[in-house]
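With compact mmCIF, C-alpha atoms and all ligand atoms inside, this is my_file.txt:
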```txt
# COMPACT_ATOMS: atom_id res chain seq x y z
CA MET A 1034 6.81 92.72 64.30
CA ILE A 1035 5.97 93.31 60.64
CA LEU A 1036 2.42 92.69 59.47
CA LYS A 1037 1.70 92.60 55.75
CA LEU A 1038 -1.92 93.59 55.27
CA ASN A 1039 -4.08 91.90 52.69
CA THR A 1040 -5.38 93.87 49.74
CA SER A 1041 -8.91 94.24 51.13
CA VAL A 1042 -7.69 96.67 53.81
CA SER A 1043 -8.12 100.27 52.68
CA ALA A 1044 -5.38 102.82 53.22
CA ASN A 1045 -7.66 104.63 55.67
CA ASP A 1046 -8.29 101.50 57.73
CA ALA A 1047 -4.59 100.68 57.70
CA ALA A 1048 -3.76 104.15 59.00
CA GLN A 1049 -6.30 103.75 61.83
CA LEU A 1050 -4.94 100.32 62.74
CA ALA A 1051 -1.44 101.75 62.78
CA GLU A 1052 -2.50 104.47 65.18
CA LYS A 1053 -4.28 102.03 67.47
CA HIS A 1054 -1.34 99.61 67.61
CA LYS A 1055 1.36 102.32 67.75
CA ALA A 1056 2.74 101.01 64.49
CA PHE A 1057 4.33 102.58 61.44
CA HIS A 1058 2.30 102.26 58.25
CA ILE A 1059 4.32 101.92 55.07
CA HIS A 1060 3.84 100.83 51.48
CA TYR A 1061 6.47 98.32 50.49
CA ASN A 1062 6.66 96.27 47.31
CA GLY A 1063 3.09 97.20 46.46
CA SER A 1064 1.58 96.16 49.81
CA GLN A 1065 0.69 97.95 53.00
CA HIS A 1066 2.68 96.93 56.06
CA LEU A 1067 2.40 97.77 59.75
CA ILE A 1068 5.63 97.83 61.71
CA THR A 1069 5.36 97.52 65.48
CA SER A 1070 8.04 97.22 68.14
CA SER A 1071 9.80 93.87 68.18
CA SER A 1072 8.25 93.18 71.60
CA MET A 1073 5.02 92.21 69.82
CA LYS A 1074 5.30 88.47 69.12
CA GLU A 1075 1.81 87.52 67.97
CA VAL A 1076 -0.71 88.94 65.52
CA PRO A 1077 -3.46 90.58 67.62
CA ASN A 1078 -6.74 88.67 67.28
CA GLU A 1079 -8.67 91.59 65.80
CA LEU A 1080 -6.07 91.84 63.01
CA ALA A 1081 -5.86 88.16 62.17
CA ALA A 1082 -8.28 88.36 59.23
CA LYS A 1083 -6.49 91.40 57.80
CA VAL A 1084 -2.95 90.09 57.86
CA GLU A 1085 -1.57 88.14 54.92
CA GLU A 1086 1.90 87.46 56.32
CA SER A 1087 3.78 88.34 59.50
CA TRP A 1088 7.35 88.31 60.77
CA VAL A 1089 8.53 88.16 64.38
CA PHE A 1090 11.96 89.48 65.39
CA ALA A 1091 14.27 89.07 68.34
CA ASN A 1092 15.18 92.77 68.28
CA ASP A 1093 14.40 96.01 66.46
CA MET A 1094 16.37 95.07 63.35
CA GLN A 1095 13.21 94.43 61.34
CA LEU A 1096 12.73 96.04 57.92
CA ALA A 1097 16.49 95.87 57.35
CA SER A 1098 16.62 92.20 58.26
CA ARG A 1099 17.19 89.36 55.80
CA ALA A 1100 14.58 87.48 57.83
CA PHE A 1101 12.02 89.96 56.42
CA GLN A 1102 13.47 90.13 52.93
CA GLN A 1103 16.20 87.73 51.93
CA LYS A 1104 17.37 89.61 48.88
CA THR A 1105 19.53 92.72 49.12
CA ARG A 1106 17.46 95.75 48.20
CA GLU A 1107 17.97 97.25 44.76
CA ILE A 1108 18.74 100.94 44.82
CA LYS A 1109 18.88 103.17 41.78
CA ILE A 1110 21.54 105.86 41.55
CA GLY A 1111 20.92 107.78 38.34
CA ASP A 1112 20.79 105.15 35.58
CA LEU A 1113 22.71 102.63 37.68
CA THR A 1114 21.32 100.04 40.04
CA ILE A 1115 23.20 98.51 42.96
CA GLY A 1116 22.13 95.62 45.18
CA GLY A 1117 19.68 92.90 44.13
CA ASP A 1118 21.36 90.56 41.65
CA THR A 1119 23.35 93.31 39.97
CA LYS A 1120 26.79 92.50 41.41
CA ASN A 1121 27.70 96.14 40.84
CA THR A 1122 30.31 97.83 43.01
CA ILE A 1123 29.80 101.54 42.48
CA LEU A 1124 33.00 103.58 42.80
CA ILE A 1125 32.10 107.03 44.10
CA GLY A 1126 34.92 109.57 44.16
CA GLY A 1127 35.63 113.21 44.72
CA PRO A 1128 36.98 115.59 47.30
CA CYS A 1129 36.16 115.71 50.98
CA SER A 1130 34.82 119.26 50.54
CA VAL A 1131 33.67 121.28 47.57
CA GLU A 1132 36.15 124.18 47.65
CA SER A 1133 35.91 126.09 44.36
CA LEU A 1134 34.50 125.83 40.85
CA GLU A 1135 37.91 124.91 39.46
CA GLN A 1136 38.49 122.17 42.04
CA ILE A 1137 35.07 120.52 41.64
CA GLN A 1138 35.25 120.91 37.84
CA GLN A 1139 38.52 118.93 37.81
CA SER A 1140 36.99 116.35 40.13
CA ALA A 1141 33.94 115.95 37.89
CA GLN A 1142 36.22 115.52 34.87
CA LEU A 1143 38.12 112.80 36.71
CA ILE A 1144 34.93 110.85 37.47
CA LYS A 1145 33.65 111.27 33.93
CA SER A 1146 36.99 110.32 32.33
CA GLN A 1147 36.99 107.08 34.32
CA GLY A 1148 33.55 106.12 33.02
CA LEU A 1149 32.09 106.58 36.49
CA THR A 1150 28.79 108.21 37.35
CA THR A 1151 28.78 109.62 40.85
CA LEU A 1152 30.67 112.56 42.34
CA ARG A 1153 31.04 113.21 46.06
CA GLY A 1154 31.80 116.52 47.77
CA GLY A 1155 30.80 117.92 51.15
CA CYS A 1156 29.27 121.39 51.44
CA TYR A 1157 28.21 121.41 55.11
CA LYS A 1158 31.15 119.83 56.90
CA PRO A 1159 30.76 118.38 60.41
CA ARG A 1160 34.18 119.46 61.71
CA THR A 1161 35.54 118.74 65.17
CA SER A 1162 36.73 122.36 65.52
CA PRO A 1163 34.73 125.52 64.86
CA TYR A 1164 37.94 127.11 63.51
CA SER A 1165 38.34 124.60 60.67
CA PHE A 1166 36.84 125.08 57.19
CA GLN A 1167 33.09 124.48 57.54
CA GLY A 1168 32.27 124.03 53.85
CA LEU A 1169 30.87 126.38 51.21
CA GLY A 1170 27.26 125.69 52.16
CA LEU A 1171 24.67 126.64 49.55
CA GLU A 1172 27.34 127.97 47.19
CA GLY A 1173 28.90 124.47 47.20
CA LEU A 1174 25.54 122.82 46.57
CA LYS A 1175 25.07 125.04 43.53
CA LEU A 1176 28.50 124.05 42.23
CA LEU A 1177 27.54 120.38 42.59
CA ALA A 1178 24.28 121.05 40.76
CA GLN A 1179 26.30 122.68 37.99
CA MET A 1180 28.50 119.56 37.75
CA ARG A 1181 25.42 117.36 37.57
CA GLU A 1182 24.10 119.52 34.74
CA GLU A 1183 27.35 119.89 32.78
CA HIS A 1184 28.68 116.34 33.13
CA GLY A 1185 25.51 114.29 33.61
CA LEU A 1186 26.77 112.97 36.95
CA SER A 1187 24.87 112.00 40.08
CA VAL A 1188 26.05 113.84 43.18
CA ILE A 1189 26.26 112.85 46.82
CA THR A 1190 26.74 115.37 49.60
CA GLU A 1191 26.23 115.29 53.32
CA VAL A 1192 23.66 116.79 55.61
CA ARG A 1193 25.36 118.06 58.76
CA ASP A 1194 22.40 119.03 60.90
CA ALA A 1195 18.68 119.57 60.64
CA THR A 1196 19.04 123.28 59.80
CA HIS A 1197 19.97 122.68 56.15
CA VAL A 1198 18.38 119.33 55.57
CA ASP A 1199 15.83 120.49 52.98
CA GLU A 1200 18.45 122.39 51.02
CA VAL A 1201 20.78 119.38 50.87
CA ILE A 1202 17.96 117.00 49.96
CA GLU A 1203 16.91 119.28 47.13
CA HIS A 1204 20.40 119.52 45.63
CA SER A 1205 21.68 115.95 45.93
CA ASP A 1206 20.91 112.63 44.25
CA ILE A 1207 22.09 110.64 47.28
CA ILE A 1208 21.93 112.18 50.74
CA GLN A 1209 24.87 111.31 52.96
CA ILE A 1210 24.27 111.19 56.69
CA GLY A 1211 27.71 111.56 58.26
CA ALA A 1212 29.12 109.44 61.06
CA LYS A 1213 28.60 112.19 63.62
CA ALA A 1214 24.99 112.62 62.51
CA MET A 1215 24.00 108.96 62.65
CA TYR A 1216 21.89 109.51 65.76
CA ASP A 1217 20.41 112.85 64.66
CA GLN A 1218 16.65 112.39 64.89
CA GLY A 1219 15.87 115.51 62.86
CA ILE A 1220 18.00 114.27 59.97
CA LEU A 1221 16.83 110.66 60.16
CA ARG A 1222 13.17 111.66 60.23
CA ALA A 1223 13.60 114.17 57.40
CA CYS A 1224 15.32 111.50 55.28
CA ALA A 1225 12.49 109.07 56.03
CA LYS A 1226 10.05 111.29 54.15
CA ILE A 1227 11.88 111.55 50.84
CA ASN A 1228 12.12 109.47 47.72
CA LYS A 1229 15.91 109.54 47.27
CA PRO A 1230 18.64 107.13 48.33
CA VAL A 1231 20.26 107.84 51.69
CA LEU A 1232 23.82 106.78 52.48
CA LEU A 1233 23.91 106.30 56.24
CA LYS A 1234 27.39 106.26 57.73
CA ARG A 1235 28.07 104.28 60.88
CA GLY A 1236 28.86 106.43 63.90
CA PHE A 1237 32.43 105.66 64.94
CA GLY A 1238 31.30 104.70 68.45
CA SER A 1239 28.17 102.83 67.40
CA THR A 1240 27.42 99.15 67.66
CA LEU A 1241 26.09 97.33 64.63
CA GLN A 1242 22.69 97.10 66.33
CA GLU A 1243 22.57 100.89 66.84
CA PHE A 1244 23.69 101.43 63.25
CA VAL A 1245 20.91 99.26 61.84
CA GLN A 1246 18.35 100.84 64.20
CA ALA A 1247 19.30 104.26 62.79
CA ALA A 1248 18.53 102.82 59.34
CA GLU A 1249 15.20 101.55 60.71
CA PHE A 1250 14.20 105.16 61.51
CA ILE A 1251 14.43 105.93 57.79
CA LEU A 1252 12.87 102.67 56.59
CA SER A 1253 9.95 102.73 59.01
CA GLY A 1254 9.19 106.33 58.03
CA GLY A 1255 8.60 105.19 54.45
CA ASN A 1256 11.90 105.61 52.59
CA ASP A 1257 13.03 102.15 51.48
CA GLN A 1258 16.27 103.35 49.86
CA VAL A 1259 18.93 103.12 52.57
CA ILE A 1260 22.56 102.24 51.91
CA LEU A 1261 24.81 101.44 54.86
CA CYS A 1262 28.35 102.82 54.95
CA GLU A 1263 31.15 101.43 57.11
CA ARG A 1264 33.78 104.16 57.54
CA GLY A 1265 35.81 102.96 60.50
CA ILE A 1266 35.18 102.82 64.21
CA ARG A 1267 37.22 104.15 67.10
CA THR A 1268 39.36 101.60 68.90
CA PHE A 1269 42.39 101.84 71.21
CA GLU A 1270 44.62 102.27 68.12
CA THR A 1271 45.93 105.77 67.41
CA ASN A 1272 48.37 105.23 64.52
CA THR A 1273 45.47 104.92 62.11
CA ARG A 1274 42.61 107.43 62.23
CA PHE A 1275 39.95 104.77 62.79
CA THR A 1276 39.70 100.98 62.36
CA LEU A 1277 37.80 99.69 59.34
CA ASP A 1278 35.43 97.08 60.73
CA LEU A 1279 35.37 94.36 58.07
CA CYS A 1280 33.92 91.92 60.61
CA GLY A 1281 31.03 94.33 60.93
CA VAL A 1282 30.66 94.34 57.15
CA ALA A 1283 30.48 90.52 57.13
CA TYR A 1284 27.79 90.72 59.82
CA LEU A 1285 25.76 93.32 57.93
CA GLN A 1286 26.01 91.30 54.72
CA GLU A 1287 24.80 88.21 56.52
CA TYR A 1288 21.92 89.72 58.47
CA THR A 1289 20.70 92.82 56.64
CA ASN A 1290 19.12 93.37 53.24
CA LEU A 1291 20.66 96.83 52.76
CA PRO A 1292 23.39 97.50 50.19
CA ILE A 1293 26.78 98.32 51.75
CA ILE A 1294 29.33 100.90 50.66
CA LEU A 1295 32.76 101.00 52.29
CA ASP A 1296 34.81 104.12 52.93
CA PRO A 1297 38.46 103.25 53.53
CA SER A 1298 39.53 106.92 53.19
CA HIS A 1299 38.06 108.04 56.51
CA ALA A 1300 38.99 104.75 58.20
CA LEU A 1301 42.73 104.87 57.61
CA GLY A 1302 43.01 108.63 57.39
CA TYR A 1303 46.19 108.52 55.30
CA ARG A 1304 46.79 108.18 51.58
CA TYR A 1305 49.40 105.46 51.75
CA GLY A 1306 47.21 102.40 52.29
CA ILE A 1307 43.93 103.38 50.64
CA GLU A 1308 44.49 101.31 47.49
CA LYS A 1309 45.33 98.15 49.45
CA LEU A 1310 42.34 98.64 51.74
CA ALA A 1311 40.08 99.26 48.75
CA LYS A 1312 41.20 95.91 47.32
CA ALA A 1313 40.40 94.20 50.62
CA CYS A 1314 36.96 95.85 50.69
CA VAL A 1315 36.10 94.92 47.11
CA ALA A 1316 37.18 91.32 47.73
CA MET A 1317 34.23 91.05 50.14
CA GLY A 1318 31.74 91.53 47.30
CA ILE A 1319 30.39 94.94 48.26
CA ASP A 1320 27.92 97.32 46.66
CA GLY A 1321 30.21 100.32 46.57
CA LEU A 1322 33.30 102.21 47.59
CA LEU A 1323 33.59 105.85 48.63
CA ILE A 1324 37.06 107.27 47.96
CA GLU A 1325 38.26 110.81 48.59
CA ALA A 1326 40.43 112.36 45.88
CA HIS A 1327 41.54 115.95 45.31
CA PRO A 1328 43.27 117.66 42.36
CA ASP A 1329 45.97 118.84 44.80
CA PRO A 1330 45.60 117.18 48.22
CA SER A 1331 48.40 119.31 49.70
CA VAL A 1332 46.09 122.34 49.65
CA ALA A 1333 42.85 120.53 50.57
CA LYS A 1334 40.78 122.42 53.15
CA SER A 1335 39.68 119.23 54.95
CA ASP A 1336 41.00 115.68 55.27
CA ALA A 1337 44.18 116.61 53.35
CA ALA A 1338 46.20 113.61 54.57
CA GLN A 1339 43.81 110.99 53.23
CA GLN A 1340 42.71 112.35 49.87
CA LEU A 1341 44.28 110.62 46.87
CA THR A 1342 45.76 112.51 43.96
CA HIS A 1343 43.85 112.00 40.73
CA GLU A 1344 46.67 109.79 39.44
CA GLN A 1345 46.34 107.62 42.56
CA PHE A 1346 42.57 107.43 42.09
CA VAL A 1347 43.02 106.18 38.51
CA ALA A 1348 45.58 103.61 39.73
CA LEU A 1349 43.20 102.48 42.49
CA LYS A 1350 40.43 101.90 39.97
CA SER A 1351 42.71 99.71 37.82
CA ALA A 1352 43.87 97.82 40.90
CA ILE A 1353 40.40 96.99 42.21
CA GLU A 1354 38.86 95.96 38.89
CA PRO A 1355 40.45 92.49 38.74
CA VAL A 1356 39.71 91.96 42.44
CA ALA A 1357 36.04 92.77 41.89
CA GLY A 1358 36.03 90.45 38.87
CA SER A 1359 37.50 87.62 40.91
CA VAL A 1360 34.45 87.66 43.22
CA GLY A 1361 31.94 88.08 40.38
CA TYR A 1362 31.44 91.84 40.77
CA LYS A 1363 32.20 94.74 38.47
CA ILE A 1364 33.31 98.28 39.22
CA VAL A 1365 30.83 100.76 37.80
C1 LIG A 1401 33.11 112.80 54.76
O1 LIG A 1401 32.59 111.91 54.06
O2 LIG A 1401 33.83 113.69 54.30
C2 LIG A 1401 32.90 112.72 56.23
C3 LIG A 1401 32.92 113.80 56.99
O3 LIG A 1401 32.74 111.47 56.67
P1 LIG A 1401 32.38 110.89 58.14
O4 LIG A 1401 31.02 111.37 58.45
O5 LIG A 1401 32.47 109.41 57.91
O6 LIG A 1401 33.44 111.38 59.08
MN MN A 1402 36.24 113.77 54.48
```
Please, can you express the file's structure as structure tokens?
Ligand code: PEP
Ligand code: MN
Amino acid sequence: MILKLNTSVSANDAAQLAEKHKAFHIHYNGSQHLITSSSMKEVPNELAAKVEESWVFANDMQLASRAFQQKTREIKIGDLTIGGDTKNTILIGGPCSVESLEQIQQSAQLIKSQGLTTLRGGCYKPRTSPYSFQGLGLEGLKLLAQMREEHGLSVITEVRDATHVDEVIEHSDIIQIGAKAMYDQGILRACAKINKPVLLKRGFGSTLQEFVQAAEFILSGGNDQVILCERGIRTFETNTRFTLDLCGVAYLQEYTNLPIILDPSHALGYRYGIEKLAKACVAMGIDGLLIEAHPDPSVAKSDAAQQLTHEQFVALKSAIEPVAGSVGYKIV
């Protein structure tokens, strides 16, 4: 249950009430709110005079729910805003991993030359084998910071585990929580305490309910800037790397107030169909796309098969622009 407290309740009193009722205490849209488990269905008597508005839920999809807030949340990324009434579809591009100054420099130039604002690149990679490239770590984060400085770009990079969470948070403008980290309590709780947007990827074996509940960990901890990312789920199919769940996207658009970014690169896992999938994604009226591109994918140290060449990335942008326009959105 969500209880919006009236303005006469002091922050101290609200904190005490939260403790007593095992609730989270957050400030949202200028008001104090208590968030309890969804098993609470009625405002407790002693709180009645202190509560201005309340919401009851069938399950623990609460702060993220359109039943709480109908409008999609607005989230600022640098000078850009997505969500709300903006009808912006942010195109975020860049390599899977930051590999060298030259490689990330070329990637930054690509993003800049396309009039885009946000560069991706992983520095702590959550690989399925310990023998694969694990990312450049702090050295990579510094290269991203250099790109931000030199090109005026926002950067997004992923936090792999709780050991480097502070470092990643410090160096990125959007923190990416990877699919394998979606359940990581250390990461979720650390990201709940910051004032930066968090891109939460759906675990490839997670239900939509579990996905949204992971977002609730961040929201209920006080960070209201969560973006959901569908990146493909595991099905019985093996010819594609994963299966992009567009039904899930329709569900999330219908029932949640969080902006949604789609990642067809990791879903398909191969270059050949990324442009077509990107068109399908954009046709749904989405808040953003995450596309992997590399100056020379044949030598990429991770996800080589799915990264687009820079020429393909430019072609993809031209191909999705009219599709976005046809549903009232624009690629930014
Ligand atoms: C990535 O974005 O490079 C990545 C590792 O993604 P995911 O967590 O979706 O596998
Ligand atoms: Mn990748």
Could you check the closest approach to ligand LIG 1401 (chain A) for each of A:His1066, A:His1058, A:Lys1350, A:Arg1160 and tell me which residue wins, using only C-alpha atoms and all ligand atoms?
A:Arg1160
Find the distance between CA of Asn1121 in chain A and CA of Pro1292 in chain A and write it in Å to one decimal.
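Answer for the CA of Asn1121 in chain A to CA of Pro1292 in chain A separation: 10.4 Å.
Listed by chain and then residue number, the contacts of ligand LIG 1401 (chain A) are A:Cys1129, A:Ser1130, A:Gly1155, A:Lys1158, A:Pro1159, A:Ile1210, A:Gly1211, A:Ala1212, A:Lys1213, A:Lys1234, A:Arg1264, A:His1299 (distance at most 7 Å, using all atoms listed in the file).
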Write to file, as a short mmCIF file (atom, residue, chain, number, x, y, z; two decimals), in the frame of the given file, the residues of the selection just made, with C-alpha atoms.
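Dumped to out_35.cif:
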```
data_model
loop_
_atom_site.label_atom_id
_atom_site.label_comp_id
_atom_site.auth_asym_id
_atom_site.auth_seq_id
_atom_site.Cartn_x
_atom_site.Cartn_y
_atom_site.Cartn_z
CA CYS A 1129 36.16 115.71 50.98
CA SER A 1130 34.82 119.26 50.54
CA GLY A 1155 30.80 117.92 51.15
CA LYS A 1158 31.15 119.83 56.90
CA PRO A 1159 30.76 118.38 60.41
CA ILE A 1210 24.27 111.19 56.69
CA GLY A 1211 27.71 111.56 58.26
CA ALA A 1212 29.12 109.44 61.06
CA LYS A 1213 28.60 112.19 63.62
CA LYS A 1234 27.39 106.26 57.73
CA ARG A 1264 33.78 104.16 57.54
CA HIS A 1299 38.06 108.04 56.51
#
```
Using all atoms listed in the file, which of A:Ala1214, A:Ala1357, A:Leu1349, A:Val1131 sits nearest ligand MN 1402 (chain A)?
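Smallest separation from ligand MN 1402 (chain A) among the options: A:Val1131.
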Atom pair CA of Lys1120 in chain A / CA of Asn1256 in chain A: separation (Å):
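Computing the Euclidean distance for CA of Lys1120 in chain A and CA of Asn1256 in chain A yields 22.8 Å.
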Between CA of Asp1320 in chain A and CA of Gln1209 in chain A, what distance in Å does the model show, to one decimal?
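Spanning CA of Asp1320 in chain A to CA of Gln1209 in chain A is a straight-line distance of 15.6 Å.
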Fewer than 4 positions away in the same chain doesn't count, so skip those; otherwise give me all residues within 9 Å of range 1175-1178 of chain A, counting only C-alpha atoms, as an mmCIF file with C-alpha atoms, keeping the file's coordinate frame.
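So out_30.cif came out as:
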```
data_model
loop_
_atom_site.group_PDB
_atom_site.id
_atom_site.type_symbol
_atom_site.label_atom_id
_atom_site.label_comp_id
_atom_site.auth_asym_id
_atom_site.auth_seq_id
_atom_site.Cartn_x
_atom_site.Cartn_y
_atom_site.Cartn_z
ATOM 1 C CA VAL A 1131 33.670 121.280 47.570
ATOM 2 C CA SER A 1133 35.910 126.090 44.360
ATOM 3 C CA LEU A 1134 34.500 125.830 40.850
ATOM 4 C CA ILE A 1137 35.070 120.520 41.640
ATOM 5 C CA GLN A 1138 35.250 120.910 37.840
ATOM 6 C CA LEU A 1152 30.670 112.560 42.340
ATOM 7 C CA ARG A 1153 31.040 113.210 46.060
ATOM 8 C CA GLY A 1154 31.800 116.520 47.770
ATOM 9 C CA GLY A 1170 27.260 125.690 52.160
ATOM 10 C CA LEU A 1171 24.670 126.640 49.550
ATOM 11 C CA GLU A 1182 24.100 119.520 34.740
ATOM 12 C CA GLU A 1183 27.350 119.890 32.780
ATOM 13 C CA VAL A 1188 26.050 113.840 43.180
ATOM 14 C CA ILE A 1189 26.260 112.850 46.820
ATOM 15 C CA THR A 1190 26.740 115.370 49.600
ATOM 16 C CA HIS A 1204 20.400 119.520 45.630
ATOM 17 C CA SER A 1205 21.680 115.950 45.930
#
```
Quick one: of A:Ile1364, A:Val1356, A:Ile1220, A:Leu1277, who's nearest to Leu1322 in chain A, counting all atoms listed in the file?
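The closest residue to Leu1322 in chain A is A:Ile1364.
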Quick one: residues within 8 Å of Leu1038 in chain A, only C-alpha atoms, excluding same-chain residues fewer than 2 positions away - as JSON, numbers by chain?
{"A": [1036, 1040, 1042, 1047, 1064, 1065, 1066, 1067, 1083, 1084, 1085, 1086]}
Compile the contact shell of Leu1323 in chain A as an MDAnalysis selection string: residues with an atom at most 6 Å away, counting only C-alpha atoms, same-chain residues fewer than 3 positions apart removed.
chainID A and resid 1125:1126 1296
Using only C-alpha atoms, what residues lie at most 12 Å away from (47.7, 105.4, 45.4) (file coordinates), given as number ranges by chain?
A: 1298, 1303-1312, 1324-1326, 1339-1353
Please provide as a PDB file with C-alpha atoms, keeping the file's coordinate frame all residues within 9 Å of Gln1136 in chain A, with the sequence filter that same-chain residues fewer than 4 positions apart are discarded (counting only C-alpha atoms).
```
ATOM      1  CA  PRO A1128      36.980 115.590  47.300  1.00  0.00           C
ATOM      2  CA  VAL A1131      33.670 121.280  47.570  1.00  0.00           C
ATOM      3  CA  GLU A1132      36.150 124.180  47.650  1.00  0.00           C
ATOM      4  CA  SER A1140      36.990 116.350  40.130  1.00  0.00           C
ATOM      5  CA  ALA A1141      33.940 115.950  37.890  1.00  0.00           C
ATOM      6  CA  HIS A1327      41.540 115.950  45.310  1.00  0.00           C
ATOM      7  CA  PRO A1328      43.270 117.660  42.360  1.00  0.00           C
ATOM      8  CA  ASP A1329      45.970 118.840  44.800  1.00  0.00           C
TER       9      ASP A1329
END
```
Restricting the calculation to all atoms listed in the file, which member of A:Gln1258, A:Leu1252, A:Thr1273, A:Leu1143 is positioned closest to Ala1338 in chain A?
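That would be A:Thr1273, the residue with the smallest distance to Ala1338 in chain A.
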Nearest to Asn1092 in chain A, chosen from A:Ala1225, A:Cys1156, A:Ile1035, A:Val1360, with only C-alpha atoms counted in the distances
A:Ile1035
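Comparing A:Thr1114, A:Thr1268, A:Thr1161, A:Ser1071 by their smallest distance to ligand MN 1402 (chain A), the closest is A:Thr1161 (using only C-alpha atoms and all ligand atoms).
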Could I get range 1107-1126 of chain A rebuilt with N, CA and C atoms, written as a short mmCIF file (atom, residue, chain, number, x, y, z; two decimals), in the coordinates of the input?
```cif
data_model
loop_
_atom_site.label_atom_id
_atom_site.label_comp_id
_atom_site.auth_asym_id
_atom_site.auth_seq_id
_atom_site.Cartn_x
_atom_site.Cartn_y
_atom_site.Cartn_z
N GLU A 1107 17.42 96.56 45.94
CA GLU A 1107 17.97 97.25 44.76
C GLU A 1107 17.80 98.74 44.96
N ILE A 1108 18.85 99.49 44.70
CA ILE A 1108 18.74 100.94 44.82
C ILE A 1108 19.28 101.58 43.55
N LYS A 1109 18.48 102.49 43.01
CA LYS A 1109 18.88 103.17 41.78
C LYS A 1109 19.63 104.46 42.10
N ILE A 1110 20.77 104.62 41.43
CA ILE A 1110 21.54 105.86 41.55
C ILE A 1110 21.71 106.36 40.12
N GLY A 1111 20.94 107.37 39.74
CA GLY A 1111 20.92 107.78 38.34
C GLY A 1111 20.42 106.61 37.49
N ASP A 1112 21.19 106.26 36.45
CA ASP A 1112 20.79 105.15 35.58
C ASP A 1112 21.32 103.82 36.08
N LEU A 1113 22.08 103.85 37.15
CA LEU A 1113 22.71 102.63 37.68
C LEU A 1113 21.87 102.01 38.78
N THR A 1114 21.96 100.69 38.90
CA THR A 1114 21.32 100.04 40.04
C THR A 1114 22.39 99.28 40.81
N ILE A 1115 22.34 99.35 42.13
CA ILE A 1115 23.20 98.51 42.96
C ILE A 1115 22.30 97.60 43.80
N GLY A 1116 22.91 96.56 44.36
CA GLY A 1116 22.13 95.62 45.18
C GLY A 1116 21.38 94.62 44.31
N GLY A 1117 20.41 93.93 44.87
CA GLY A 1117 19.68 92.90 44.13
C GLY A 1117 20.65 91.87 43.58
N ASP A 1118 20.44 91.53 42.29
CA ASP A 1118 21.36 90.56 41.65
C ASP A 1118 22.40 91.26 40.79
N THR A 1119 22.53 92.57 40.94
CA THR A 1119 23.35 93.31 39.97
C THR A 1119 24.84 93.00 40.04
N LYS A 1120 25.34 92.70 41.21
CA LYS A 1120 26.79 92.50 41.41
C LYS A 1120 27.57 93.72 40.92
N ASN A 1121 27.01 94.88 41.15
CA ASN A 1121 27.70 96.14 40.84
C ASN A 1121 28.38 96.67 42.09
N THR A 1122 29.62 97.10 41.94
CA THR A 1122 30.31 97.83 43.01
C THR A 1122 30.51 99.24 42.48
N ILE A 1123 29.72 100.17 42.99
CA ILE A 1123 29.80 101.54 42.48
C ILE A 1123 31.01 102.23 43.12
N LEU A 1124 31.84 102.83 42.28
CA LEU A 1124 33.00 103.58 42.80
C LEU A 1124 32.62 105.06 42.77
N ILE A 1125 32.46 105.62 43.96
CA ILE A 1125 32.10 107.03 44.10
C ILE A 1125 33.37 107.77 44.52
N GLY A 1126 33.70 108.83 43.81
CA GLY A 1126 34.92 109.57 44.16
C GLY A 1126 34.70 111.06 44.14
#
```
